[in-house]
file upload02.cif (mmCIF, C-alpha atoms)
data_protein
loop_
_atom_site.label_atom_id
_atom_site.label_comp_id
_atom_site.auth_asym_id
_atom_site.auth_seq_id
_atom_site.Cartn_x
_atom_site.Cartn_y
_atom_site.Cartn_z
CA MET A 1 -30.92 -39.55 22.54
CA ALA A 2 -30.25 -37.10 19.72
CA LEU A 3 -26.64 -36.53 18.80
CA PRO A 4 -25.34 -32.96 19.23
CA THR A 5 -24.99 -30.87 16.11
CA TRP A 6 -21.78 -28.94 15.55
CA ASP A 7 -21.64 -25.60 13.82
CA HIS A 8 -18.88 -25.51 11.20
CA PRO A 9 -19.08 -22.13 9.45
CA GLU A 10 -18.28 -22.15 5.77
CA PRO A 11 -14.99 -20.58 4.72
CA LEU A 12 -15.27 -16.99 3.54
CA ALA A 13 -16.28 -16.90 -0.12
CA VAL A 14 -13.58 -15.39 -2.35
CA ASP A 15 -16.10 -13.12 -4.06
CA THR A 16 -17.09 -11.49 -0.75
CA ALA A 17 -13.74 -9.73 -0.41
CA PRO A 18 -14.11 -5.95 -0.97
CA VAL A 19 -11.96 -5.57 -4.10
CA PRO A 20 -10.23 -2.18 -4.54
CA GLU A 21 -11.77 0.38 -6.90
CA TYR A 22 -9.33 -0.20 -9.75
CA GLY A 23 -10.09 1.99 -12.74
CA THR A 24 -12.31 4.51 -10.97
CA GLY A 25 -10.99 5.27 -7.50
CA SER A 26 -7.71 3.59 -6.54
CA LEU A 27 -4.20 4.92 -5.97
CA ALA A 28 -3.24 3.65 -9.42
CA ASP A 29 -5.79 6.03 -10.94
CA LEU A 30 -4.56 9.23 -9.28
CA LEU A 31 -1.52 10.31 -11.31
CA PRO A 32 -3.04 9.33 -14.68
CA THR A 33 -6.04 11.51 -13.82
CA LEU A 34 -3.85 14.48 -12.88
CA ALA A 35 -1.57 13.99 -15.90
CA ALA A 36 -4.53 13.76 -18.27
CA GLY A 37 -5.64 17.15 -16.99
CA MET A 38 -2.21 18.51 -17.98
CA ALA A 39 -2.49 17.06 -21.49
CA VAL A 40 0.08 14.29 -21.05
CA PRO A 41 -0.41 11.88 -23.98
CA GLY A 42 -1.78 8.43 -23.19
CA MET A 43 -3.18 9.39 -19.78
CA THR A 44 -6.83 8.86 -18.84
CA ALA A 45 -8.83 10.80 -16.27
CA ALA A 46 -9.94 7.73 -14.35
CA ILE A 47 -11.19 9.39 -11.13
CA PRO A 48 -14.18 11.34 -12.44
CA GLU A 49 -14.63 13.47 -9.31
CA LEU A 50 -11.35 15.33 -9.79
CA THR A 51 -11.05 18.52 -11.81
CA GLU A 52 -8.08 19.76 -13.79
CA ALA A 53 -5.29 21.98 -12.51
CA ASP A 54 -2.16 23.36 -14.17
CA ARG A 55 -0.03 22.44 -11.18
CA ASN A 56 -0.56 19.29 -9.15
CA CYS A 57 1.12 18.12 -5.95
CA VAL A 58 0.70 14.71 -4.32
CA PHE A 59 1.75 14.50 -0.67
CA LEU A 60 1.78 10.84 0.37
CA ILE A 61 1.79 10.17 4.12
CA ASP A 62 2.90 6.59 4.66
CA GLY A 63 0.44 4.64 6.81
CA LEU A 64 -2.27 7.29 7.32
CA GLY A 65 -5.51 5.51 6.49
CA TRP A 66 -8.90 7.19 6.17
CA GLU A 67 -10.29 5.58 9.30
CA GLN A 68 -7.28 6.53 11.44
CA LEU A 69 -7.51 10.14 10.28
CA LYS A 70 -11.23 10.35 11.01
CA ALA A 71 -10.68 8.86 14.48
CA HIS A 72 -8.14 11.54 15.52
CA PRO A 73 -9.59 15.00 14.86
CA ASP A 74 -7.81 16.59 17.82
CA GLU A 75 -4.37 15.50 16.60
CA ALA A 76 -5.02 16.48 12.97
CA PRO A 77 -7.24 19.58 12.99
CA PHE A 78 -6.11 20.86 9.61
CA MET A 79 -6.55 17.58 7.74
CA THR A 80 -9.83 17.01 9.57
CA SER A 81 -11.04 20.33 8.18
CA LEU A 82 -10.30 18.96 4.70
CA LEU A 83 -12.24 15.68 5.03
CA ALA A 84 -15.18 17.03 3.04
CA SER A 85 -12.81 17.92 0.19
CA SER A 86 -11.69 14.31 -0.26
CA ARG A 87 -12.13 12.76 -3.69
CA GLY A 88 -13.12 15.93 -5.45
CA GLY A 89 -15.43 17.26 -2.77
CA THR A 90 -17.47 14.09 -2.29
CA GLY A 91 -16.07 13.53 1.20
CA ARG A 92 -15.18 9.95 0.23
CA PRO A 93 -11.88 8.04 0.32
CA ILE A 94 -10.17 6.10 -2.44
CA THR A 95 -8.71 2.60 -2.13
CA ALA A 96 -5.08 1.58 -1.92
CA GLY A 97 -5.06 -1.63 -3.97
CA TYR A 98 -4.22 -5.18 -2.95
CA PRO A 99 -2.12 -5.82 -1.04
CA ALA A 100 -2.30 -2.57 0.93
CA THR A 101 1.43 -2.30 1.51
CA THR A 102 4.06 0.30 0.75
CA ALA A 103 6.04 -1.22 -2.13
CA THR A 104 2.88 -2.24 -3.97
CA SER A 105 1.12 1.07 -3.37
CA LEU A 106 4.07 3.28 -4.31
CA ALA A 107 4.46 1.32 -7.53
CA SER A 108 0.75 1.81 -8.23
CA VAL A 109 1.00 5.54 -7.56
CA GLY A 110 4.06 6.09 -9.71
CA THR A 111 3.23 3.88 -12.67
CA GLY A 112 -0.51 4.47 -12.70
CA LEU A 113 -0.94 0.71 -12.96
CA PRO A 114 -2.52 -1.88 -10.64
CA PRO A 115 -0.32 -4.56 -9.06
CA GLY A 116 -1.13 -7.20 -11.66
CA ALA A 117 0.50 -5.00 -14.29
CA HIS A 118 3.40 -3.30 -12.49
CA GLY A 119 4.35 -6.60 -10.89
CA LEU A 120 5.03 -5.76 -7.24
CA PRO A 121 2.28 -7.94 -5.73
CA GLY A 122 3.36 -7.86 -2.10
CA TYR A 123 5.94 -7.10 0.57
CA THR A 124 7.78 -10.27 -0.47
CA ALA A 125 7.06 -12.34 -3.56
CA ARG A 126 8.71 -15.23 -5.37
CA ASN A 127 11.01 -14.45 -8.24
CA PRO A 128 10.06 -17.13 -10.80
CA ALA A 129 13.49 -16.87 -12.42
CA THR A 130 15.36 -17.87 -9.25
CA GLY A 131 12.73 -19.47 -7.02
CA GLU A 132 13.76 -17.13 -4.20
CA LEU A 133 11.61 -14.77 -2.17
CA MET A 134 12.26 -11.16 -3.11
CA ASN A 135 11.68 -8.33 -0.66
CA GLN A 136 10.20 -5.67 -2.92
CA LEU A 137 10.59 -2.84 -0.42
CA ARG A 138 14.30 -3.45 0.22
CA TRP A 139 14.96 -5.03 -3.23
CA ASN A 140 16.71 -8.04 -1.78
CA PRO A 141 18.01 -10.20 -3.36
CA TRP A 142 18.95 -7.89 -6.19
CA THR A 143 17.29 -8.18 -9.57
CA SER A 144 17.29 -5.76 -12.49
CA PRO A 145 14.72 -3.06 -11.68
CA ARG A 146 13.65 -2.46 -15.27
CA VAL A 147 13.25 -6.17 -15.91
CA TRP A 148 11.11 -6.51 -12.81
CA GLN A 149 8.98 -3.43 -13.65
CA PRO A 150 9.38 -2.40 -17.30
CA TYR A 151 6.65 0.25 -17.64
CA PRO A 152 7.47 3.97 -17.66
CA THR A 153 6.35 6.00 -14.69
CA VAL A 154 3.77 8.76 -15.02
CA PHE A 155 6.51 11.17 -13.96
CA GLU A 156 8.66 10.07 -16.91
CA LEU A 157 5.75 10.47 -19.33
CA ALA A 158 4.87 13.88 -17.89
CA ASP A 159 8.48 15.04 -18.08
CA ALA A 160 8.66 13.93 -21.72
CA ALA A 161 5.49 15.95 -22.39
CA GLY A 162 7.08 19.14 -21.07
CA VAL A 163 5.56 19.14 -17.58
CA HIS A 164 7.91 20.33 -14.83
CA THR A 165 8.25 17.17 -12.75
CA ALA A 166 9.91 16.67 -9.36
CA GLN A 167 10.04 14.38 -6.34
CA VAL A 168 10.90 15.80 -2.90
CA SER A 169 11.71 13.15 -0.31
CA SER A 170 14.39 11.82 2.01
CA PRO A 171 17.85 11.71 0.41
CA ALA A 172 18.00 8.03 1.42
CA PHE A 173 15.43 7.17 -1.25
CA GLN A 174 17.08 8.91 -4.20
CA ASN A 175 18.87 5.91 -5.70
CA THR A 176 16.80 2.99 -4.46
CA PRO A 177 15.44 0.49 -7.00
CA LEU A 178 11.88 1.16 -5.78
CA THR A 179 12.31 4.87 -6.55
CA LYS A 180 13.80 3.99 -9.93
CA ILE A 181 10.89 1.81 -11.05
CA ALA A 182 8.06 3.74 -9.40
CA LEU A 183 8.91 7.39 -8.82
CA SER A 184 11.63 8.40 -11.29
CA GLY A 185 11.22 11.12 -13.90
CA GLY A 186 12.12 14.79 -13.79
CA THR A 187 14.33 15.73 -10.85
CA PHE A 188 14.72 14.22 -7.37
CA HIS A 189 15.36 16.62 -4.48
CA GLY A 190 16.51 15.11 -1.20
CA ARG A 191 15.69 17.01 1.98
CA LEU A 192 15.98 15.70 5.51
CA SER A 193 13.37 17.67 7.43
CA GLY A 194 9.65 17.70 6.74
CA GLU A 195 9.61 21.49 6.73
CA GLU A 196 12.32 21.63 4.07
CA ARG A 197 10.36 19.20 1.93
CA MET A 198 7.18 21.28 2.14
CA ASP A 199 8.99 24.51 1.26
CA LEU A 200 10.84 22.95 -1.65
CA ALA A 201 7.70 21.22 -2.95
CA ALA A 202 6.01 24.63 -3.12
CA GLU A 203 9.03 26.07 -4.94
CA GLN A 204 9.00 23.23 -7.45
CA LEU A 205 5.29 23.70 -8.11
CA ALA A 206 5.96 27.31 -9.00
CA ALA A 207 8.88 26.41 -11.27
CA GLY A 208 6.69 25.51 -14.26
CA ASP A 209 3.45 26.63 -15.88
CA ARG A 210 2.50 22.96 -15.71
CA SER A 211 3.99 21.10 -12.74
CA LEU A 212 3.68 17.66 -11.20
CA VAL A 213 5.35 17.34 -7.78
CA TYR A 214 5.42 14.41 -5.37
CA THR A 215 6.48 14.53 -1.74
CA TYR A 216 6.48 11.91 0.99
CA TYR A 217 6.63 11.41 4.75
CA ALA A 218 7.33 8.01 6.34
CA GLU A 219 7.25 8.22 10.13
CA VAL A 220 3.52 7.92 10.73
CA ASP A 221 3.87 4.38 9.39
CA GLY A 222 7.07 3.77 11.34
CA LYS A 223 5.55 4.71 14.68
CA GLY A 224 2.41 2.71 13.89
CA HIS A 225 4.38 -0.47 13.24
CA ARG A 226 6.45 -0.07 16.38
CA PHE A 227 3.94 1.29 18.89
CA GLY A 228 0.47 0.98 17.32
CA VAL A 229 -1.94 3.43 15.73
CA ASP A 230 -3.37 4.79 18.96
CA SER A 231 -0.07 5.21 20.82
CA ASP A 232 1.38 8.50 21.99
CA PRO A 233 4.32 8.30 19.54
CA TRP A 234 1.90 7.70 16.66
CA ARG A 235 -0.33 10.57 17.76
CA GLY A 236 2.73 12.81 17.96
CA GLN A 237 3.65 11.99 14.37
CA LEU A 238 0.10 12.68 13.23
CA MET A 239 0.20 16.09 14.91
CA TYR A 240 3.52 16.85 13.22
CA VAL A 241 2.45 15.80 9.74
CA ASP A 242 -0.80 17.76 10.09
CA ARG A 243 1.31 20.87 10.54
CA LEU A 244 3.36 19.92 7.48
CA VAL A 245 0.23 19.65 5.34
CA GLN A 246 -0.89 23.09 6.52
CA ARG A 247 2.57 24.53 5.87
CA LEU A 248 2.49 23.31 2.27
CA ALA A 249 -1.12 24.33 1.70
CA GLU A 250 -0.43 27.89 2.81
CA GLN A 251 2.29 28.45 0.22
CA LEU A 252 0.83 26.87 -2.91
CA PRO A 253 1.40 28.91 -6.05
CA PRO A 254 -1.62 29.91 -8.15
CA ARG A 255 -3.55 27.32 -10.19
CA THR A 256 -2.41 24.44 -7.96
CA ALA A 257 -4.23 21.40 -6.61
CA LEU A 258 -2.66 19.69 -3.58
CA TYR A 259 -3.74 16.10 -2.90
CA VAL A 260 -2.95 14.49 0.45
CA THR A 261 -3.18 10.72 0.38
CA ALA A 262 -1.60 7.56 1.81
CA ASP A 263 -0.40 4.15 0.71
CA HIS A 264 -2.47 2.15 3.22
CA GLY A 265 -4.12 2.27 6.62
CA MET A 266 -3.14 0.19 9.62
CA ILE A 267 -4.62 -2.04 12.32
CA ASP A 268 -3.22 -3.02 15.71
CA VAL A 269 -3.22 -6.77 16.34
CA PRO A 270 -3.13 -8.16 19.91
CA PHE A 271 -0.18 -10.26 21.01
CA ASP A 272 -1.78 -13.62 21.73
CA GLU A 273 -2.11 -16.97 19.98
CA GLN A 274 -5.68 -16.29 18.96
CA HIS A 275 -4.75 -13.20 16.95
CA ARG A 276 -1.20 -14.16 15.88
CA ILE A 277 -1.07 -17.57 14.23
CA ASP A 278 2.55 -18.67 13.97
CA PHE A 279 3.32 -20.39 10.69
CA ASP A 280 6.65 -21.59 12.04
CA GLU A 281 4.89 -23.50 14.82
CA ASP A 282 1.83 -24.75 12.90
CA TRP A 283 2.51 -28.02 11.13
CA GLU A 284 -0.81 -27.93 9.27
CA LEU A 285 -0.10 -24.59 7.63
CA ARG A 286 3.49 -25.59 6.83
CA ALA A 287 2.56 -28.89 5.15
CA GLY A 288 3.35 -28.77 1.45
CA VAL A 289 4.58 -25.17 1.56
CA ALA A 290 7.90 -24.36 -0.11
CA LEU A 291 7.93 -20.59 0.53
CA LEU A 292 5.88 -18.19 2.63
CA GLY A 293 5.66 -14.72 1.12
CA GLY A 294 3.76 -11.50 1.58
CA GLU A 295 3.16 -10.32 5.15
CA GLY A 296 0.99 -11.19 8.12
CA ARG A 297 -2.31 -9.94 6.75
CA ALA A 298 -1.68 -10.61 3.06
CA ARG A 299 0.11 -13.89 2.47
CA HIS A 300 1.46 -15.43 -0.72
CA VAL A 301 1.86 -19.17 -0.20
CA TYR A 302 4.06 -21.05 -2.67
CA ALA A 303 3.43 -24.79 -2.62
CA VAL A 304 5.76 -27.68 -3.28
CA PRO A 305 5.03 -28.74 -6.89
CA GLY A 306 2.01 -31.02 -6.91
CA ALA A 307 0.78 -29.93 -3.46
CA GLU A 308 -1.10 -26.81 -4.54
CA ALA A 309 -4.60 -28.24 -4.10
CA ASP A 310 -3.79 -29.78 -0.73
CA VAL A 311 -2.29 -26.53 0.57
CA LEU A 312 -5.35 -24.59 -0.56
CA THR A 313 -7.67 -27.05 1.16
CA CYS A 314 -5.68 -27.00 4.38
CA TRP A 315 -5.39 -23.21 4.55
CA ARG A 316 -9.12 -22.88 3.95
CA GLU A 317 -9.93 -25.37 6.68
CA VAL A 318 -7.59 -23.77 9.21
CA LEU A 319 -8.10 -20.08 8.38
CA GLY A 320 -11.20 -19.82 6.22
CA GLU A 321 -13.39 -18.14 8.83
CA GLN A 322 -10.87 -15.33 9.40
CA PHE A 323 -9.16 -14.99 6.01
CA TRP A 324 -10.30 -14.89 2.45
CA VAL A 325 -8.27 -17.83 1.08
CA ALA A 326 -8.04 -18.16 -2.69
CA SER A 327 -6.05 -20.03 -5.27
CA ARG A 328 -3.92 -17.86 -7.52
CA ASP A 329 -6.41 -18.15 -10.37
CA GLU A 330 -9.36 -17.40 -8.08
CA ALA A 331 -7.69 -14.28 -6.72
CA ILE A 332 -6.85 -13.11 -10.23
CA ALA A 333 -10.37 -13.82 -11.51
CA ALA A 334 -11.85 -11.93 -8.56
CA GLY A 335 -9.77 -8.89 -9.51
CA TRP A 336 -7.70 -8.68 -6.34
CA PHE A 337 -4.62 -7.52 -8.26
CA GLY A 338 -6.46 -5.47 -10.85
CA PRO A 339 -8.43 -6.14 -14.03
CA GLN A 340 -5.58 -8.11 -15.58
CA VAL A 341 -2.34 -9.78 -14.57
CA ASP A 342 0.64 -9.67 -16.92
CA GLU A 343 2.22 -12.98 -17.87
CA ARG A 344 5.53 -12.03 -16.23
CA VAL A 345 3.65 -11.34 -12.95
CA TYR A 346 1.52 -14.49 -12.84
CA ALA A 347 3.97 -16.79 -11.05
CA ARG A 348 5.00 -14.06 -8.60
CA ILE A 349 1.55 -14.43 -7.02
CA GLY A 350 1.20 -17.25 -4.51
CA ASP A 351 -0.33 -20.60 -5.40
CA VAL A 352 -2.55 -19.70 -2.45
CA VAL A 353 -3.36 -16.12 -1.46
CA ALA A 354 -4.68 -15.39 2.04
CA ALA A 355 -6.14 -11.98 2.95
CA ALA A 356 -7.21 -11.28 6.53
CA ARG A 357 -10.75 -10.20 7.32
CA ASP A 358 -10.49 -10.25 11.13
CA ASP A 359 -7.88 -8.62 13.38
CA VAL A 360 -5.51 -11.54 12.97
CA LEU A 361 -2.04 -12.22 11.54
CA ILE A 362 -0.13 -15.15 10.16
CA ILE A 363 3.28 -14.44 11.66
CA ALA A 364 6.48 -16.41 11.15
CA SER A 365 8.42 -15.98 14.39
CA GLU A 366 11.60 -17.71 13.21
CA ARG A 367 11.95 -16.56 9.60
CA GLU A 368 10.39 -13.09 10.09
CA PRO A 369 11.23 -12.08 13.69
CA LYS A 370 11.11 -8.31 13.16
CA GLU A 371 7.88 -8.31 11.17
CA SER A 372 6.30 -10.73 13.64
CA ALA A 373 6.94 -8.28 16.50
CA MET A 374 5.14 -5.31 14.93
CA VAL A 375 2.14 -3.85 16.77
CA GLY A 376 0.51 -2.13 13.79
CA ASN A 377 0.01 -4.12 10.58
CA HIS A 378 -1.59 -3.79 7.17
CA GLY A 379 -1.94 -5.50 3.81
CA SER A 380 -5.46 -6.82 3.43
CA MET A 381 -8.72 -5.54 1.94
CA THR A 382 -10.55 -4.42 5.07
CA PRO A 383 -11.67 -0.78 5.17
CA VAL A 384 -9.19 0.13 7.90
CA GLU A 385 -6.32 -0.93 5.59
CA GLN A 386 -7.73 -0.17 2.15
CA LEU A 387 -9.37 3.22 2.50
CA VAL A 388 -7.04 6.20 2.16
CA PRO A 389 -7.82 9.91 2.02
CA LEU A 390 -7.61 12.08 -1.07
CA LEU A 391 -7.78 15.47 0.63
CA GLN A 392 -7.65 18.50 -1.63
CA VAL A 393 -6.51 22.11 -1.34
CA ARG A 394 -6.73 24.37 -4.38
CA SER A 395 -5.20 27.79 -4.93
#

call {"tool": "encode", "arguments": {"input": "upload02.cif", "output": "structure tokens"}}
result
Amino acid sequence: MALPTWDHPEPLAVDTAPVPEYGTGSLADLLPTLAAGMAVPGMTAAIPELTEADRNCVFLIDGLGWEQLKAHPDEAPFMTSLLASSRGGTGRPITAGYPATTATSLASVGTGLPPGAHGLPGYTARNPATGELMNQLRWNPWTSPRVWQPYPTVFELADAAGVHTAQVSSPAFQNTPLTKIALSGGTFHGRLSGEERMDLAAEQLAAGDRSLVYTYYAEVDGKGHRFGVDSDPWRGQLMYVDRLVQRLAEQLPPRTALYVTADHGMIDVPFDEQHRIDFDEDWELRAGVALLGGEGRARHVYAVPGAEADVLTCWREVLGEQFWVASRDEAIAAGWFGPQVDERVYARIGDVVAAARDDVLIIASEREPKESAMVGNHGSMTPVEQLVPLLQVRS
């Protein structure tokens, strides 16, 4: 009698991951392209589809991915009407960068650099100087911002070149380390309501012959994490922010280009053991691991010294059909963090890097209880997380 044959699919090949469009169409390329059009020295027009404007405004809606926007035309009629304008009239999105998470993406936007250069490679990452995990969104534990991210922001370079430069956001963000290293330069204007932000952003655009203005709205992301990206609270936030975009678009001063974009998309992950793999209860995944960083769909795994190869092998065997699992050097060589990784950033990246392909998470119920309870998640390289709009209105 013939023995049965068992199908053991090969782990996902590292080079099959859809790497972000660094250098031609990622968030890191947006501000340098706009600044180059305003004659800011050292800036390169990296997104070839965009055309110059004297005044440029970037409105970043946290968590509003391209696929979520396209799936909700009734809730976002104004932005839906702008879909064909995306990426310079091509009707195409741009990519966030890896990982597709807020701290990393905002640093890419503000510095004009990919994660391998600006050095915020995830939600949490190891600080090589201390060996501790650092939360790069909340900046905890504290480390010197300018040591962690030493490059000037595009806003600082534009301000030095005589461009009127301003950020309009929640007052709570004015003095945060993330704002300091990613979004500083020119003047910060704190306003509580979305309507106040839109009105002031338009005023700031008109305040200079050449202007670069950034404004931000967070609650689409907040409702997505808590309730999911097809929930009534999320839909309500989308309806609200759609009206904000229209409010700003209708009061742009002459010679202005408004760009509406996002830092990442989002995916809802079911609450069951098949879709939520608990690191804290899985002895195989924990073996040889000193620190677990990143987030559920984009993990940095820091091994006990000497156990790096074993951890990589184990994670590939356990997760390799659902995650792209790479060693640090493989992920860097594949360009996940950009075309190059600075020496100071190298050890911040996990010995093993795991990026989800399927609708699955690696949660950590004990050490990350709040994050493990989120409905909507993001971080990886799938289209639903990576693709973000670049809607355009010109006056």

call {"tool": "resolve_selection", "arguments": {"input": "upload02.cif", "expression": "the PyMOL selection byres ((chain A and resi 309-319) around 12)", "output": "mmCIF file with C-alpha atoms, keeping the file's coordinate frame"}}
result
data_model
loop_
_atom_site.group_PDB
_atom_site.id
_atom_site.type_symbol
_atom_site.label_atom_id
_atom_site.label_comp_id
_atom_site.auth_asym_id
_atom_site.auth_seq_id
_atom_site.Cartn_x
_atom_site.Cartn_y
_atom_site.Cartn_z
ATOM 1 C CA HIS A 8 -18.880 -25.510 11.200
ATOM 2 C CA PRO A 9 -19.080 -22.130 9.450
ATOM 3 C CA GLU A 10 -18.280 -22.150 5.770
ATOM 4 C CA PRO A 11 -14.990 -20.580 4.720
ATOM 5 C CA LEU A 12 -15.270 -16.990 3.540
ATOM 6 C CA ALA A 13 -16.280 -16.900 -0.120
ATOM 7 C CA VAL A 14 -13.580 -15.390 -2.350
ATOM 8 C CA GLN A 274 -5.680 -16.290 18.960
ATOM 9 C CA HIS A 275 -4.750 -13.200 16.950
ATOM 10 C CA ARG A 276 -1.200 -14.160 15.880
ATOM 11 C CA ILE A 277 -1.070 -17.570 14.230
ATOM 12 C CA PHE A 279 3.320 -20.390 10.690
ATOM 13 C CA ASP A 282 1.830 -24.750 12.900
ATOM 14 C CA TRP A 283 2.510 -28.020 11.130
ATOM 15 C CA GLU A 284 -0.810 -27.930 9.270
ATOM 16 C CA LEU A 285 -0.100 -24.590 7.630
ATOM 17 C CA ARG A 286 3.490 -25.590 6.830
ATOM 18 C CA ALA A 287 2.560 -28.890 5.150
ATOM 19 C CA GLY A 288 3.350 -28.770 1.450
ATOM 20 C CA VAL A 289 4.580 -25.170 1.560
ATOM 21 C CA ALA A 290 7.900 -24.360 -0.110
ATOM 22 C CA LEU A 291 7.930 -20.590 0.530
ATOM 23 C CA LEU A 292 5.880 -18.190 2.630
ATOM 24 C CA ARG A 297 -2.310 -9.940 6.750
ATOM 25 C CA ARG A 299 0.110 -13.890 2.470
ATOM 26 C CA HIS A 300 1.460 -15.430 -0.720
ATOM 27 C CA VAL A 301 1.860 -19.170 -0.200
ATOM 28 C CA TYR A 302 4.060 -21.050 -2.670
ATOM 29 C CA ALA A 303 3.430 -24.790 -2.620
ATOM 30 C CA VAL A 304 5.760 -27.680 -3.280
ATOM 31 C CA PRO A 305 5.030 -28.740 -6.890
ATOM 32 C CA GLY A 306 2.010 -31.020 -6.910
ATOM 33 C CA ALA A 307 0.780 -29.930 -3.460
ATOM 34 C CA GLU A 308 -1.100 -26.810 -4.540
ATOM 35 C CA GLY A 320 -11.200 -19.820 6.220
ATOM 36 C CA GLU A 321 -13.390 -18.140 8.830
ATOM 37 C CA GLN A 322 -10.870 -15.330 9.400
ATOM 38 C CA PHE A 323 -9.160 -14.990 6.010
ATOM 39 C CA TRP A 324 -10.300 -14.890 2.450
ATOM 40 C CA VAL A 325 -8.270 -17.830 1.080
ATOM 41 C CA ALA A 326 -8.040 -18.160 -2.690
ATOM 42 C CA SER A 327 -6.050 -20.030 -5.270
ATOM 43 C CA ARG A 328 -3.920 -17.860 -7.520
ATOM 44 C CA ASP A 329 -6.410 -18.150 -10.370
ATOM 45 C CA GLU A 330 -9.360 -17.400 -8.080
ATOM 46 C CA GLY A 350 1.200 -17.250 -4.510
ATOM 47 C CA ASP A 351 -0.330 -20.600 -5.400
ATOM 48 C CA VAL A 352 -2.550 -19.700 -2.450
ATOM 49 C CA VAL A 353 -3.360 -16.120 -1.460
ATOM 50 C CA ALA A 354 -4.680 -15.390 2.040
ATOM 51 C CA ALA A 355 -6.140 -11.980 2.950
ATOM 52 C CA ALA A 356 -7.210 -11.280 6.530
ATOM 53 C CA ARG A 357 -10.750 -10.200 7.320
ATOM 54 C CA ASP A 358 -10.490 -10.250 11.130
ATOM 55 C CA VAL A 360 -5.510 -11.540 12.970
ATOM 56 C CA LEU A 361 -2.040 -12.220 11.540
ATOM 57 C CA ILE A 362 -0.130 -15.150 10.160
#

call {"tool": "residues_near_point", "arguments": {"input": "upload02.cif", "point": "(3.1, 12.6, 6.6)", "cutoff": "12 Å", "atoms": "all atoms listed in the file", "output": "count of residues only"}}
result
45

call {"tool": "resolve_selection", "arguments": {"input": "upload02.cif", "expression": "the PyMOL selection byres ((chain A and resi 41-56) around 7)", "output": "PyMOL selection string"}}
result
chain A and resi 23-25+29-30+32-40+57-58+87-88+205+209-213+255-258

call {"tool": "atom_distance", "arguments": {"input": "upload02.cif", "atom1": "atom CA of A:Leu31", "atom2": "atom CA of A:His118"}}
result
14.5 Å

call {"tool": "axis_aligned_box", "arguments": {"input": "upload02.cif", "around": "stretch 55-64 of chain A", "padding_each_side": "3 Å", "output": "lines of an AutoDock Vina configuration file"}}
result
center_x = 0.3
center_y = 13.5
center_z = -1.9
size_x = 11.2
size_y = 23.8
size_z = 24.5

call {"tool": "atom_distance", "arguments": {"input": "upload02.cif", "atom1": "atom CA of A:Ala84", "atom2": "atom CA of A:Pro20"}}
result
21.2 Å

call {"tool": "resolve_selection", "arguments": {"input": "upload02.cif", "expression": "the PyMOL selection byres ((chain A and resi 94) around 7)", "output": "list in words"}}
result
Gly25, Ser26, Arg92, Pro93, Thr95, Ala96, Leu387, Val388, Pro389 and Leu390 of chain A

call {"tool": "closest_residue", "arguments": {"input": "upload02.cif", "among": "A:Gly296, A:Asp359, A:Asp342, A:Leu27", "to": "A:Ala373", "atoms": "only C-alpha atoms"}}
result
A:Gly296

call {"tool": "closest_residue", "arguments": {"input": "upload02.cif", "among": "A:Glu156, A:Asp278, A:Asp230, A:Glu132", "to": "A:Met266", "atoms": "only C-alpha atoms"}}
result
A:Asp230

call {"tool": "atom_distance", "arguments": {"input": "upload02.cif", "atom1": "atom CA of A:Ala17", "atom2": "atom CA of A:Tyr98"}}
result
10.9 Å

call {"tool": "decode", "arguments": {"input": "upload02.cif", "residues": "stretch 295-304 of chain A", "atoms": "N, CA and C atoms", "output": "tab-separated table (two decimals), in the first residue's frame"}}
result
chain	number	residue	atom	x	y	z
A	295	GLU	N	4.69	45.45	15.69
A	295	GLU	CA	3.26	45.30	16.01
A	295	GLU	C	2.76	44.05	15.31
A	296	GLY	N	1.47	43.75	15.48
A	296	GLY	CA	0.95	42.44	15.10
A	296	GLY	C	1.18	42.02	13.68
A	297	ARG	N	1.19	42.94	12.74
A	297	ARG	CA	1.37	42.59	11.34
A	297	ARG	C	2.76	42.94	10.80
A	298	ALA	N	3.62	43.44	11.66
A	298	ALA	CA	4.97	43.83	11.23
A	298	ALA	C	5.90	43.70	12.43
A	299	ARG	N	6.38	42.50	12.65
A	299	ARG	CA	7.14	42.20	13.85
A	299	ARG	C	8.64	42.32	13.64
A	300	HIS	N	9.30	42.93	14.65
A	300	HIS	CA	10.75	42.85	14.82
A	300	HIS	C	11.00	41.84	15.94
A	301	VAL	N	11.80	40.84	15.66
A	301	VAL	CA	12.09	39.79	16.64
A	301	VAL	C	13.58	39.85	16.97
A	302	TYR	N	13.89	40.10	18.23
A	302	TYR	CA	15.28	40.23	18.67
A	302	TYR	C	15.66	38.97	19.43
A	303	ALA	N	16.62	38.24	18.89
A	303	ALA	CA	16.98	36.93	19.44
A	303	ALA	C	17.99	37.05	20.58
A	304	VAL	N	17.98	36.06	21.44
A	304	VAL	CA	19.07	35.88	22.40
A	304	VAL	C	20.36	35.69	21.61
